[in-house]
file entry06.cif (mmCIF, C-alpha atoms and all ligand atoms)
data_model
#
loop_
_atom_site.group_PDB
_atom_site.id
_atom_site.type_symbol
_atom_site.label_atom_id
_atom_site.label_comp_id
_atom_site.auth_asym_id
_atom_site.auth_seq_id
_atom_site.Cartn_x
_atom_site.Cartn_y
_atom_site.Cartn_z
ATOM 1 C CA MET B 19 2.788 34.136 -27.566
ATOM 2 C CA ASN B 20 -0.854 33.412 -28.260
ATOM 3 C CA GLN B 21 -1.784 37.035 -27.832
ATOM 4 C CA ILE B 22 -5.216 37.765 -29.223
ATOM 5 C CA ASP B 23 -6.551 41.253 -29.766
ATOM 6 C CA ASN B 24 -9.768 40.333 -28.014
ATOM 7 C CA ILE B 25 -10.002 40.545 -24.256
ATOM 8 C CA ASN B 26 -9.037 37.209 -22.744
ATOM 9 C CA ILE B 27 -10.759 35.684 -19.738
ATOM 10 C CA LEU B 28 -9.508 32.510 -18.093
ATOM 11 C CA ILE B 29 -12.035 30.183 -16.489
ATOM 12 C CA VAL B 30 -10.715 27.414 -14.262
ATOM 13 C CA ASP B 31 -12.768 24.531 -12.893
ATOM 14 C CA ASP B 32 -12.026 20.838 -12.428
ATOM 15 C CA ARG B 33 -15.420 19.918 -13.828
ATOM 16 C CA PRO B 34 -15.948 20.289 -17.603
ATOM 17 C CA GLU B 35 -19.699 20.793 -17.126
ATOM 18 C CA ASN B 36 -19.059 23.812 -14.880
ATOM 19 C CA LEU B 37 -16.750 25.287 -17.515
ATOM 20 C CA LEU B 38 -19.501 24.894 -20.094
ATOM 21 C CA VAL B 39 -21.966 26.723 -17.858
ATOM 22 C CA LEU B 40 -19.564 29.622 -17.284
ATOM 23 C CA GLU B 41 -18.761 29.767 -20.962
ATOM 24 C CA SER B 42 -22.377 29.948 -22.006
ATOM 25 C CA VAL B 43 -23.086 32.733 -19.526
ATOM 26 C CA LEU B 44 -20.157 34.777 -20.859
ATOM 27 C CA GLU B 45 -20.864 33.931 -24.482
ATOM 28 C CA ASN B 46 -22.256 37.296 -25.520
ATOM 29 C CA MET B 47 -19.720 39.439 -23.701
ATOM 30 C CA ASN B 48 -17.437 39.853 -26.678
ATOM 31 C CA CYS B 49 -14.412 38.291 -25.088
ATOM 32 C CA ASN B 50 -12.185 35.317 -25.714
ATOM 33 C CA ILE B 51 -12.786 32.543 -23.187
ATOM 34 C CA VAL B 52 -9.874 30.256 -22.345
ATOM 35 C CA LYS B 53 -10.566 27.155 -20.254
ATOM 36 C CA ALA B 54 -8.456 25.193 -17.771
ATOM 37 C CA LEU B 55 -9.356 22.064 -15.824
ATOM 38 C CA ALA B 56 -6.649 22.426 -13.160
ATOM 39 C CA GLY B 57 -4.524 24.986 -11.347
ATOM 40 C CA ASN B 58 -1.338 23.838 -13.118
ATOM 41 C CA GLN B 59 -2.937 24.186 -16.514
ATOM 42 C CA ALA B 60 -4.197 27.645 -15.532
ATOM 43 C CA LEU B 61 -0.712 28.777 -14.488
ATOM 44 C CA SER B 62 0.813 27.634 -17.747
ATOM 45 C CA LEU B 63 -1.927 29.425 -19.766
ATOM 46 C CA LEU B 64 -1.234 32.569 -17.744
ATOM 47 C CA LEU B 65 2.249 32.594 -19.214
ATOM 48 C CA ASP B 66 0.915 32.506 -22.775
ATOM 49 C CA TYR B 67 -1.961 34.967 -22.621
ATOM 50 C CA ASP B 68 -2.618 38.431 -21.364
ATOM 51 C CA PHE B 69 -5.745 37.918 -19.255
ATOM 52 C CA ALA B 70 -8.136 40.630 -18.130
ATOM 53 C CA LEU B 71 -9.633 38.355 -15.497
ATOM 54 C CA VAL B 72 -9.461 34.849 -14.003
ATOM 55 C CA LEU B 73 -12.533 33.024 -12.753
ATOM 56 C CA LEU B 74 -11.108 30.469 -10.365
ATOM 57 C CA ASP B 75 -12.874 27.491 -8.845
ATOM 58 C CA VAL B 76 -11.875 27.142 -5.207
ATOM 59 C CA GLN B 77 -12.449 23.400 -4.765
ATOM 60 C CA MET B 78 -10.130 21.507 -7.084
ATOM 61 C CA PRO B 79 -8.045 18.366 -6.503
ATOM 62 C CA ASP B 80 -4.226 18.640 -6.330
ATOM 63 C CA MET B 81 -3.969 22.430 -6.394
ATOM 64 C CA ASP B 82 -6.997 24.327 -5.161
ATOM 65 C CA GLY B 83 -8.064 27.824 -6.214
ATOM 66 C CA PHE B 84 -6.344 29.555 -3.309
ATOM 67 C CA GLU B 85 -3.019 27.875 -4.009
ATOM 68 C CA THR B 86 -3.297 28.750 -7.677
ATOM 69 C CA ALA B 87 -4.012 32.379 -6.790
ATOM 70 C CA GLU B 88 -1.107 32.440 -4.355
ATOM 71 C CA LEU B 89 1.254 31.261 -7.091
ATOM 72 C CA MET B 90 -0.175 33.938 -9.398
ATOM 73 C CA ARG B 91 0.637 36.624 -6.832
ATOM 74 C CA SER B 92 4.205 35.440 -6.561
ATOM 75 C CA SER B 93 4.950 36.125 -10.221
ATOM 76 C CA ALA B 94 5.443 39.678 -11.460
ATOM 77 C CA ARG B 95 3.717 38.907 -14.734
ATOM 78 C CA THR B 96 0.481 37.652 -13.171
ATOM 79 C CA ARG B 97 0.490 39.512 -9.840
ATOM 80 C CA TYR B 98 -2.061 42.142 -10.818
ATOM 81 C CA ILE B 99 -4.471 40.041 -12.822
ATOM 82 C CA PRO B 100 -7.841 40.195 -11.033
ATOM 83 C CA VAL B 101 -9.284 36.964 -9.705
ATOM 84 C CA ILE B 102 -12.883 36.063 -8.996
ATOM 85 C CA PHE B 103 -13.121 32.956 -6.826
ATOM 86 C CA VAL B 104 -16.006 30.685 -7.672
ATOM 87 C CA THR B 105 -17.053 28.567 -4.699
ATOM 88 C CA ALA B 106 -19.846 26.393 -3.437
ATOM 89 C CA ILE B 107 -18.972 27.133 0.170
ATOM 90 C CA SER B 108 -21.403 29.424 1.945
ATOM 91 C CA LYS B 109 -20.549 33.108 2.442
ATOM 92 C CA GLU B 110 -20.285 32.686 6.180
ATOM 93 C CA GLN B 111 -17.417 30.255 6.018
ATOM 94 C CA LYS B 112 -14.028 31.351 7.132
ATOM 95 C CA CYS B 113 -12.086 30.417 4.013
ATOM 96 C CA ILE B 114 -13.455 33.508 2.246
ATOM 97 C CA PHE B 115 -10.893 35.493 4.209
ATOM 98 C CA LYS B 116 -8.157 33.137 3.159
ATOM 99 C CA GLY B 117 -8.913 34.157 -0.410
ATOM 100 C CA TYR B 118 -8.705 37.883 0.364
ATOM 101 C CA GLU B 119 -5.360 37.370 2.027
ATOM 102 C CA VAL B 120 -3.810 36.162 -1.197
ATOM 103 C CA GLY B 121 -5.266 39.114 -3.094
ATOM 104 C CA ALA B 122 -8.645 37.924 -4.317
ATOM 105 C CA VAL B 123 -10.726 40.686 -5.661
ATOM 106 C CA ASP B 124 -14.142 39.105 -5.627
ATOM 107 C CA TYR B 125 -16.270 36.038 -4.936
ATOM 108 C CA LEU B 126 -19.029 34.292 -6.785
ATOM 109 C CA PHE B 127 -21.162 31.621 -5.215
ATOM 110 C CA LYS B 128 -22.420 28.492 -6.835
ATOM 111 C CA PRO B 129 -24.895 27.978 -8.292
ATOM 112 C CA ILE B 130 -23.917 30.792 -10.626
ATOM 113 C CA GLU B 131 -26.469 33.516 -11.235
ATOM 114 C CA PRO B 132 -25.873 34.634 -14.811
ATOM 115 C CA VAL B 133 -26.795 38.288 -14.275
ATOM 116 C CA ILE B 134 -24.427 38.673 -11.327
ATOM 117 C CA LEU B 135 -21.598 36.920 -13.147
ATOM 118 C CA GLN B 136 -22.092 39.069 -16.239
ATOM 119 C CA SER B 137 -22.173 42.333 -14.346
ATOM 120 C CA LYS B 138 -19.063 41.478 -12.339
ATOM 121 C CA VAL B 139 -17.183 40.421 -15.447
ATOM 122 C CA ARG B 140 -18.214 43.621 -17.233
ATOM 123 C CA VAL B 141 -16.676 45.700 -14.448
ATOM 124 C CA PHE B 142 -13.360 43.939 -14.946
ATOM 125 C CA ILE B 143 -13.484 44.247 -18.708
ATOM 126 C CA ASP B 144 -14.036 47.991 -18.314
ATOM 127 C CA LEU B 145 -11.140 48.218 -15.859
ATOM 128 C CA TYR B 146 -8.910 46.295 -18.220
ATOM 129 C CA ASN B 147 -9.815 48.553 -21.143
ATOM 130 C CA GLN B 148 -9.142 51.667 -19.118
ATOM 131 C CA LYS B 149 -5.816 50.278 -17.987
ATOM 132 C CA LYS B 150 -4.856 49.616 -21.617
ATOM 133 C CA ILE B 151 -5.835 53.151 -22.629
ATOM 134 C CA VAL B 152 -3.785 54.650 -19.803
ATOM 135 C CA GLU B 153 -0.811 52.466 -20.759
ATOM 136 C CA GLU B 154 -1.036 53.540 -24.394
ATOM 137 C CA GLN B 155 -1.330 57.184 -23.458
ATOM 138 C CA SER B 156 1.615 57.045 -21.091
ATOM 139 C CA GLU B 157 3.677 55.319 -23.799
ATOM 140 C CA LEU B 158 2.683 58.072 -26.227
ATOM 141 C CA LEU B 159 3.540 60.719 -23.674
ATOM 142 C CA LYS B 160 6.939 59.130 -23.096
ATOM 143 C CA LEU B 161 7.639 59.221 -26.828
ATOM 144 C CA LYS B 162 6.554 62.860 -27.019
ATOM 145 C CA VAL B 163 8.790 63.816 -24.120
ATOM 146 C CA GLU B 164 11.725 62.012 -25.760
ATOM 147 C CA GLU B 165 11.018 63.788 -29.046
ATOM 148 C CA LEU B 166 10.864 67.107 -27.251
ATOM 149 C CA LEU B 167 14.167 66.503 -25.460
ATOM 150 C CA GLU B 168 15.855 65.555 -28.726
ATOM 151 C CA LEU B 169 14.485 68.650 -30.383
ATOM 152 C CA ARG B 170 15.702 70.837 -27.550
ATOM 153 C CA GLU B 171 19.160 69.314 -27.749
ATOM 154 C CA ALA B 172 19.269 69.797 -31.526
ATOM 155 C CA ASN B 173 18.158 73.382 -31.069
ATOM 156 C CA SER B 174 20.814 74.152 -28.522
ATOM 157 C CA ARG B 175 23.440 72.536 -30.769
ATOM 158 C CA LEU B 176 22.255 74.744 -33.629
ATOM 159 C CA GLU B 177 22.244 77.773 -31.386
ATOM 160 C CA ASN B 178 25.809 77.023 -30.294
ATOM 161 C CA LEU B 179 26.867 76.532 -33.891
ATOM 162 C CA SER B 180 25.388 79.876 -34.805
ATOM 163 C CA ILE B 181 27.155 81.840 -32.057
ATOM 164 C CA CYS B 182 30.428 79.925 -31.620
ATOM 165 C CA ASP B 183 33.580 79.904 -33.684
ATOM 166 C CA ALA B 184 34.106 76.339 -34.919
ATOM 167 C CA LEU B 185 37.861 76.243 -34.260
ATOM 168 C CA THR B 186 38.136 77.890 -30.857
ATOM 169 C CA GLY B 187 34.659 77.542 -29.357
ATOM 170 C CA ILE B 188 34.604 81.206 -28.337
ATOM 171 C CA SER B 189 32.074 83.639 -29.802
ATOM 172 C CA ASN B 190 32.096 84.087 -33.570
ATOM 173 C CA ARG B 191 31.987 87.314 -35.593
ATOM 174 C CA ARG B 192 28.239 87.111 -36.174
ATOM 175 C CA HIS B 193 27.494 86.887 -32.497
ATOM 176 C CA PHE B 194 29.980 89.679 -31.817
ATOM 177 C CA ASP B 195 28.170 92.014 -34.239
ATOM 178 C CA LYS B 196 24.857 91.389 -32.536
ATOM 179 C CA TYR B 197 26.276 91.672 -29.056
ATOM 180 C CA LEU B 198 28.152 94.880 -29.770
ATOM 181 C CA GLU B 199 25.014 96.449 -31.212
ATOM 182 C CA THR B 200 22.986 95.524 -28.122
ATOM 183 C CA THR B 201 25.567 96.790 -25.636
ATOM 184 C CA TYR B 202 26.165 99.888 -27.751
ATOM 185 C CA LYS B 203 22.469 100.728 -27.545
ATOM 186 C CA SER B 204 22.176 100.021 -23.832
ATOM 187 C CA ARG B 205 25.226 102.185 -23.030
ATOM 188 C CA ARG B 206 23.126 105.403 -23.192
ATOM 189 C CA ARG B 207 20.420 103.932 -20.994
ATOM 190 C CA SER B 208 22.884 102.620 -18.397
ATOM 191 C CA GLY B 209 24.984 105.809 -18.481
ATOM 192 C CA LYS B 210 28.123 103.655 -18.386
ATOM 193 C CA PRO B 211 31.134 103.718 -20.746
ATOM 194 C CA LEU B 212 31.754 100.917 -23.230
ATOM 195 C CA SER B 213 35.159 99.622 -24.303
ATOM 196 C CA LEU B 214 36.405 97.515 -27.157
ATOM 197 C CA ILE B 215 39.738 95.753 -27.525
ATOM 198 C CA MET B 216 40.976 94.601 -30.923
ATOM 199 C CA ALA B 217 43.888 92.166 -30.722
ATOM 200 C CA ASP B 218 46.071 90.448 -33.278
ATOM 201 C CA ILE B 219 48.758 87.758 -33.044
ATOM 202 C CA ASP B 220 52.144 89.232 -34.005
ATOM 203 C CA TYR B 221 53.949 87.840 -37.055
ATOM 204 C CA PHE B 222 51.315 85.182 -37.481
ATOM 205 C CA LYS B 223 51.839 84.898 -41.247
ATOM 206 C CA ARG B 224 55.470 84.005 -40.641
ATOM 207 C CA TYR B 225 54.387 81.520 -38.000
ATOM 208 C CA ASN B 226 51.954 79.809 -40.378
ATOM 209 C CA ASP B 227 54.413 79.811 -43.261
ATOM 210 C CA ASN B 228 57.098 78.161 -41.169
ATOM 211 C CA TYR B 229 55.220 75.869 -38.800
ATOM 212 C CA GLY B 230 52.245 75.058 -41.038
ATOM 213 C CA HIS B 231 48.528 75.696 -40.708
ATOM 214 C CA ILE B 232 47.850 72.891 -38.258
ATOM 215 C CA LYS B 233 50.317 74.357 -35.764
ATOM 216 C CA GLY B 234 48.849 77.759 -36.604
ATOM 217 C CA ASP B 235 45.338 76.573 -35.699
ATOM 218 C CA GLU B 236 46.640 75.027 -32.487
ATOM 219 C CA SER B 237 48.190 78.286 -31.361
ATOM 220 C CA ILE B 238 45.020 80.221 -32.240
ATOM 221 C CA ILE B 239 43.109 77.844 -29.963
ATOM 222 C CA GLU B 240 45.643 78.383 -27.146
ATOM 223 C CA VAL B 241 45.463 82.170 -27.506
ATOM 224 C CA ALA B 242 41.638 82.082 -27.544
ATOM 225 C CA LYS B 243 41.602 79.956 -24.388
ATOM 226 C CA ALA B 244 43.984 82.281 -22.567
ATOM 227 C CA MET B 245 41.912 85.316 -23.571
ATOM 228 C CA ALA B 246 38.622 83.771 -22.546
ATOM 229 C CA SER B 247 40.059 82.768 -19.177
ATOM 230 C CA SER B 248 41.308 86.263 -18.401
ATOM 231 C CA VAL B 249 38.011 88.007 -19.192
ATOM 232 C CA ARG B 250 35.501 86.619 -16.779
ATOM 233 C CA ARG B 251 32.630 89.074 -16.306
ATOM 234 C CA PRO B 252 29.435 87.707 -17.822
ATOM 235 C CA THR B 253 28.827 90.975 -19.663
ATOM 236 C CA ASP B 254 32.219 90.825 -21.434
ATOM 237 C CA LEU B 255 32.599 88.982 -24.710
ATOM 238 C CA VAL B 256 35.741 87.491 -26.271
ATOM 239 C CA THR B 257 35.400 86.860 -29.995
ATOM 240 C CA ARG B 258 37.430 85.386 -32.796
ATOM 241 C CA TYR B 259 37.056 88.328 -35.127
ATOM 242 C CA GLY B 260 38.986 86.957 -38.105
ATOM 243 C CA GLY B 261 41.885 84.557 -38.775
ATOM 244 C CA GLU B 262 44.332 85.579 -36.040
ATOM 245 C CA GLU B 263 42.308 88.604 -34.910
ATOM 246 C CA PHE B 264 40.334 88.785 -31.703
ATOM 247 C CA ALA B 265 37.935 91.340 -30.259
ATOM 248 C CA ILE B 266 36.828 91.843 -26.679
ATOM 249 C CA VAL B 267 33.700 93.798 -25.789
ATOM 250 C CA LEU B 268 33.887 95.195 -22.256
ATOM 251 C CA ALA B 269 30.506 96.459 -21.111
ATOM 252 C CA GLU B 270 30.509 99.139 -18.413
ATOM 253 C CA THR B 271 34.289 99.550 -18.575
ATOM 254 C CA ASP B 272 36.175 102.853 -18.855
ATOM 255 C CA LYS B 273 39.457 103.462 -20.633
ATOM 256 C CA ASP B 274 41.702 102.648 -17.660
ATOM 257 C CA GLY B 275 39.782 99.473 -16.922
ATOM 258 C CA ALA B 276 40.018 98.392 -20.566
ATOM 259 C CA ILE B 277 43.783 99.020 -20.669
ATOM 260 C CA THR B 278 44.174 96.947 -17.518
ATOM 261 C CA VAL B 279 42.254 94.056 -19.106
ATOM 262 C CA ALA B 280 44.251 94.359 -22.349
ATOM 263 C CA GLU B 281 47.550 94.241 -20.468
ATOM 264 C CA LYS B 282 46.385 91.274 -18.433
ATOM 265 C CA VAL B 283 45.535 89.421 -21.640
ATOM 266 C CA ARG B 284 48.849 90.404 -23.284
ATOM 267 C CA LYS B 285 50.872 89.144 -20.319
ATOM 268 C CA LYS B 286 48.905 85.920 -20.226
ATOM 269 C CA ILE B 287 49.729 85.239 -23.897
ATOM 270 C CA ASN B 288 53.399 85.952 -23.154
ATOM 271 C CA GLU B 289 53.265 83.450 -20.310
ATOM 272 C CA LEU B 290 52.005 80.749 -22.650
ATOM 273 C CA ALA B 291 55.465 80.936 -24.277
ATOM 274 C CA LEU B 292 54.293 79.335 -27.525
ATOM 275 C CA ARG B 293 57.549 79.122 -29.457
ATOM 276 C CA ASN B 294 57.817 81.358 -32.525
ATOM 277 C CA GLU B 295 61.418 81.659 -33.626
ATOM 278 C CA TYR B 296 60.331 83.712 -36.664
ATOM 279 C CA SER B 297 59.051 86.644 -34.607
ATOM 280 C CA ASN B 298 61.093 89.845 -34.398
ATOM 281 C CA VAL B 299 59.658 90.702 -30.979
ATOM 282 C CA ALA B 300 60.192 87.637 -28.874
ATOM 283 C CA PRO B 301 61.079 83.950 -29.299
ATOM 284 C CA TYR B 302 57.440 83.095 -28.606
ATOM 285 C CA ILE B 303 53.948 84.157 -29.709
ATOM 286 C CA THR B 304 52.897 87.680 -28.670
ATOM 287 C CA ILE B 305 49.871 89.855 -29.392
ATOM 288 C CA SER B 306 49.254 93.534 -30.007
ATOM 289 C CA LEU B 307 46.140 95.229 -28.686
ATOM 290 C CA GLY B 308 44.208 98.413 -29.489
ATOM 291 C CA VAL B 309 41.710 99.841 -27.027
ATOM 292 C CA ALA B 310 38.805 102.216 -27.715
ATOM 293 C CA THR B 311 36.328 103.554 -25.190
ATOM 294 C CA ILE B 312 33.117 105.478 -25.765
ATOM 295 C CA LEU B 313 31.092 107.357 -23.185
ATOM 296 C CA PRO B 314 27.309 107.655 -23.086
ATOM 297 C CA SER B 315 27.649 111.258 -24.256
ATOM 298 C CA ASP B 316 29.888 110.420 -27.221
ATOM 299 C CA ASP B 317 28.401 110.701 -30.676
ATOM 300 C CA CYS B 318 30.230 107.807 -32.316
ATOM 301 C CA SER B 319 28.727 105.131 -34.564
ATOM 302 C CA ILE B 320 29.447 101.449 -34.043
ATOM 303 C CA GLU B 321 31.521 101.498 -37.211
ATOM 304 C CA ASP B 322 33.608 104.423 -35.936
ATOM 305 C CA PHE B 323 33.969 102.705 -32.596
ATOM 306 C CA ILE B 324 35.440 99.602 -34.273
ATOM 307 C CA ASN B 325 37.625 101.826 -36.468
ATOM 308 C CA ARG B 326 39.020 103.568 -33.399
ATOM 309 C CA ALA B 327 40.019 100.261 -31.822
ATOM 310 C CA ASP B 328 41.482 99.186 -35.186
ATOM 311 C CA LYS B 329 43.522 102.400 -35.439
ATOM 312 C CA ALA B 330 44.858 101.879 -31.923
ATOM 313 C CA LEU B 331 45.796 98.294 -32.834
ATOM 314 C CA TYR B 332 47.569 99.569 -35.945
ATOM 315 C CA LYS B 333 49.529 101.995 -33.784
ATOM 316 C CA ALA B 334 50.447 99.180 -31.400
ATOM 317 C CA LYS B 335 51.831 97.245 -34.378
ATOM 318 C CA GLU B 336 53.665 100.337 -35.652
ATOM 319 C CA SER B 337 55.270 101.033 -32.321
ATOM 320 C CA GLY B 338 56.910 97.646 -31.950
ATOM 321 C CA ARG B 339 54.150 95.050 -31.243
ATOM 322 C CA ASN B 340 53.582 93.031 -28.045
ATOM 323 C CA ASN B 341 51.968 96.094 -26.460
ATOM 324 C CA THR B 342 48.667 97.876 -25.798
ATOM 325 C CA ILE B 343 47.756 101.283 -27.271
ATOM 326 C CA SER B 344 44.608 103.221 -26.437
ATOM 327 C CA TYR B 345 42.873 105.337 -29.057
ATOM 328 C CA GLU B 346 43.397 109.107 -28.766
ATOM 329 C CA GLU B 347 41.609 111.797 -30.809
HETATM 330 MG MG MG B 401 -14.326 22.155 -8.163
#

call {"tool": "encode", "arguments": {"input": "entry06.cif", "output": "structure tokens", "more": "lines below"}}
Ligand SMILES: [Mg+2]
result
Amino acid sequence: MNQIDNINILIVDDRPENLLVLESVLENMNCNIVKALAGNQALSLLLDYDFALVLLDVQMPDMDGFETAELMRSSARTRYIPVIFVTAISKEQKCIFKGYEVGAVDYLFKPIEPVILQSKVRVFIDLYNQKKIVEEQSELLKLKVEELLELREANSRLENLSICDALTGISNRRHFDKYLETTYKSRRRSGKPLSLIMADIDYFKRYNDNYGHIKGDESIIEVAKAMASSVRRPTDLVTRYGGEEFAIVLAETDKDGAITVAEKVRKKINELALRNEYSNVAPYITISLGVATILPSDDCSIEDFINRADKALYKAKESGRNNTISYEE
């Protein structure tokens, strides 16, 4: 491509002396003048250059100015390049309208008046420059929008990483701590009870020792999935608390409600029937759950709250596993 940084103007006329006249008039306009002696030559130059404007002689042998312009309009690359027809025919003649039909944008009449030609050409140079600026700005804007979208995606990935457990995809311990603190604080304002379930896979050490850690991870994922699917309120949070330990925050849930949820989760894990022939409770994976509930009036720290659920879980383990125990004073 013969692309030149300057603004390119194509002048087309079958007579070399006319081209010279046009060229001399446009000499000081700070643009690159390209000349063609025929419509065919003009069309081939249009493929090589990016023109701001075409000055097109109407009367030419073989292919006249109108035909040339018509062919320009039929190509996507040259369709919007402005054309000024240069003609010796008087303004009153009908063929002026023929030119407008094929998309002419202006007319100049021979003999050329330099001042008129220059002022018309200047208008098109300005238009061309403005078009280029708009194109550049829209390109820049597109890049900025793309950058912004990428950044947003990276941010949300980071955010997910910071709140999700890598193995199971459910909430991680860090997020749990924050969430529990928030719901703990809002409990007094809402006047609603708050419950916490601590759960633990029974005989998981034996499972890991016998089936291996990869199988162990797989079953943790299955248990996490089953838990997450049985706790569906948006204000409840299922967390991987530690290795095979899980915690469920139940906002606005009393003791009975929490026990119901815990039992639902326990039964769901039973139904998974993930084989564990090394368990003393059942031939498949089971969990034990401890439930603690605090009321808005209770004076109990977050730490004590977690300890209560832990104690209840310990009792559930003590009393045979695969069951739910609620904390009692
Ligand atoms: Mg001619």

call {"tool": "residues_around", "arguments": {"input": "entry06.cif", "residues": "region 31-40 of chain B", "least_positions_apart": "6", "cutoff": "10 Å", "atoms": "all atoms listed in the file", "output": "mmCIF file with C-alpha atoms, keeping the file's coordinate frame"}}
result
data_model
loop_
_atom_site.group_PDB
_atom_site.id
_atom_site.type_symbol
_atom_site.label_atom_id
_atom_site.label_comp_id
_atom_site.auth_asym_id
_atom_site.auth_seq_id
_atom_site.Cartn_x
_atom_site.Cartn_y
_atom_site.Cartn_z
ATOM 1 C CA ILE B 51 -12.786 32.543 -23.187
ATOM 2 C CA VAL B 52 -9.874 30.256 -22.345
ATOM 3 C CA LYS B 53 -10.566 27.155 -20.254
ATOM 4 C CA ALA B 54 -8.456 25.193 -17.771
ATOM 5 C CA LEU B 55 -9.356 22.064 -15.824
ATOM 6 C CA ALA B 56 -6.649 22.426 -13.160
ATOM 7 C CA GLY B 57 -4.524 24.986 -11.347
ATOM 8 C CA ALA B 60 -4.197 27.645 -15.532
ATOM 9 C CA LEU B 73 -12.533 33.024 -12.753
ATOM 10 C CA LEU B 74 -11.108 30.469 -10.365
ATOM 11 C CA ASP B 75 -12.874 27.491 -8.845
ATOM 12 C CA VAL B 76 -11.875 27.142 -5.207
ATOM 13 C CA GLN B 77 -12.449 23.400 -4.765
ATOM 14 C CA MET B 78 -10.130 21.507 -7.084
ATOM 15 C CA PRO B 79 -8.045 18.366 -6.503
ATOM 16 C CA ASP B 82 -6.997 24.327 -5.161
ATOM 17 C CA GLY B 83 -8.064 27.824 -6.214
ATOM 18 C CA VAL B 104 -16.006 30.685 -7.672
ATOM 19 C CA LYS B 128 -22.420 28.492 -6.835
ATOM 20 C CA PRO B 129 -24.895 27.978 -8.292
ATOM 21 C CA ILE B 130 -23.917 30.792 -10.626
ATOM 22 C CA GLU B 131 -26.469 33.516 -11.235
ATOM 23 C CA PRO B 132 -25.873 34.634 -14.811
ATOM 24 C CA LEU B 135 -21.598 36.920 -13.147
ATOM 25 C CA GLN B 136 -22.092 39.069 -16.239
#

call {"tool": "resolve_selection", "arguments": {"input": "entry06.cif", "expression": "the PyMOL selection byres (((chain B and resi 212) around 9) and not hetatm)", "output": "list in words"}}
result
Thr201, Tyr202, Arg205, Lys210, Pro211, Ser213, Leu214, Val267, Leu268, Ala269, Glu270, Thr271, Asp272, Lys273, Ala310, Thr311, Ile312, Leu313 and Pro314 of chain B

call {"tool": "atom_distance", "arguments": {"input": "entry06.cif", "atom1": "CA of Ser237 (chain B)", "atom2": "CA of Ser189 (chain B)"}}
result
17.1 Å

call {"tool": "closest_atom_pairs", "arguments": {"input": "entry06.cif", "of": "region 210-248 of chain B", "to": "region 292-307 of chain B", "cutoff": "7 Å", "atoms": "all atoms listed in the file", "output": "tab-separated table"}}
result
residue	atom	partner	partner_atom	distance
B:Ile215	CA	B:Leu307	CA	6.5
B:Met216	CA	B:Leu307	CA	5.7
B:Ala217	CA	B:Leu307	CA	4.3
B:Asp218	CA	B:Ile305	CA	5.5
B:Ile219	CA	B:Ile305	CA	4.4
B:Asp220	CA	B:Ile305	CA	5.2
B:Tyr221	CA	B:Ser297	CA	5.8
B:Arg224	CA	B:Tyr296	CA	6.3
B:Tyr225	CA	B:Asn294	CA	6.5

call {"tool": "residues_around", "arguments": {"input": "entry06.cif", "residues": "Ala244 (chain B)", "least_positions_apart": "6", "cutoff": "10 Å", "atoms": "all atoms listed in the file", "output": "PyMOL selection string"}}
result
chain B and resi 238+283-287+289-290

call {"tool": "atom_distance", "arguments": {"input": "entry06.cif", "atom1": "CA of Ala94 (chain B)", "atom2": "CA of Leu64 (chain B)"}}
result
11.6 Å

call {"tool": "atom_distance", "arguments": {"input": "entry06.cif", "atom1": "CA of Ile102 (chain B)", "atom2": "CA of Glu153 (chain B)"}}
result
23.5 Å

call {"tool": "closest_residue", "arguments": {"input": "entry06.cif", "among": "B:Ala184, B:Ile27, B:Leu169, B:Met81", "to": "ligand MG 401 (chain B)", "atoms": "only C-alpha atoms and all ligand atoms"}}
result
B:Met81

call {"tool": "resolve_selection", "arguments": {"input": "entry06.cif", "expression": "the PyMOL selection byres (((chain B and resi 69) around 6) and not hetatm)", "output": "PyMOL selection string"}}
result
chain B and resi 26-27+67-68+70-71

call {"tool": "resolve_selection", "arguments": {"input": "entry06.cif", "expression": "the PyMOL selection byres (((chain B and resi 345) around 12) and not hetatm)", "output": "ChimeraX atom specification"}}
result
/B:213-216,273-274,276-277,307-312,322-334,342-344,346-347

call {"tool": "closest_residue", "arguments": {"input": "entry06.cif", "among": "B:Phe194, B:Leu255, B:Glu262, B:Glu154", "to": "Phe222 (chain B)", "atoms": "all atoms listed in the file"}}
result
B:Glu262

call {"tool": "closest_residue", "arguments": {"input": "entry06.cif", "among": "B:Glu336, B:Asp124, B:Glu41, B:Asp254", "to": "Leu198 (chain B)", "atoms": "all atoms listed in the file"}}
result
B:Asp254
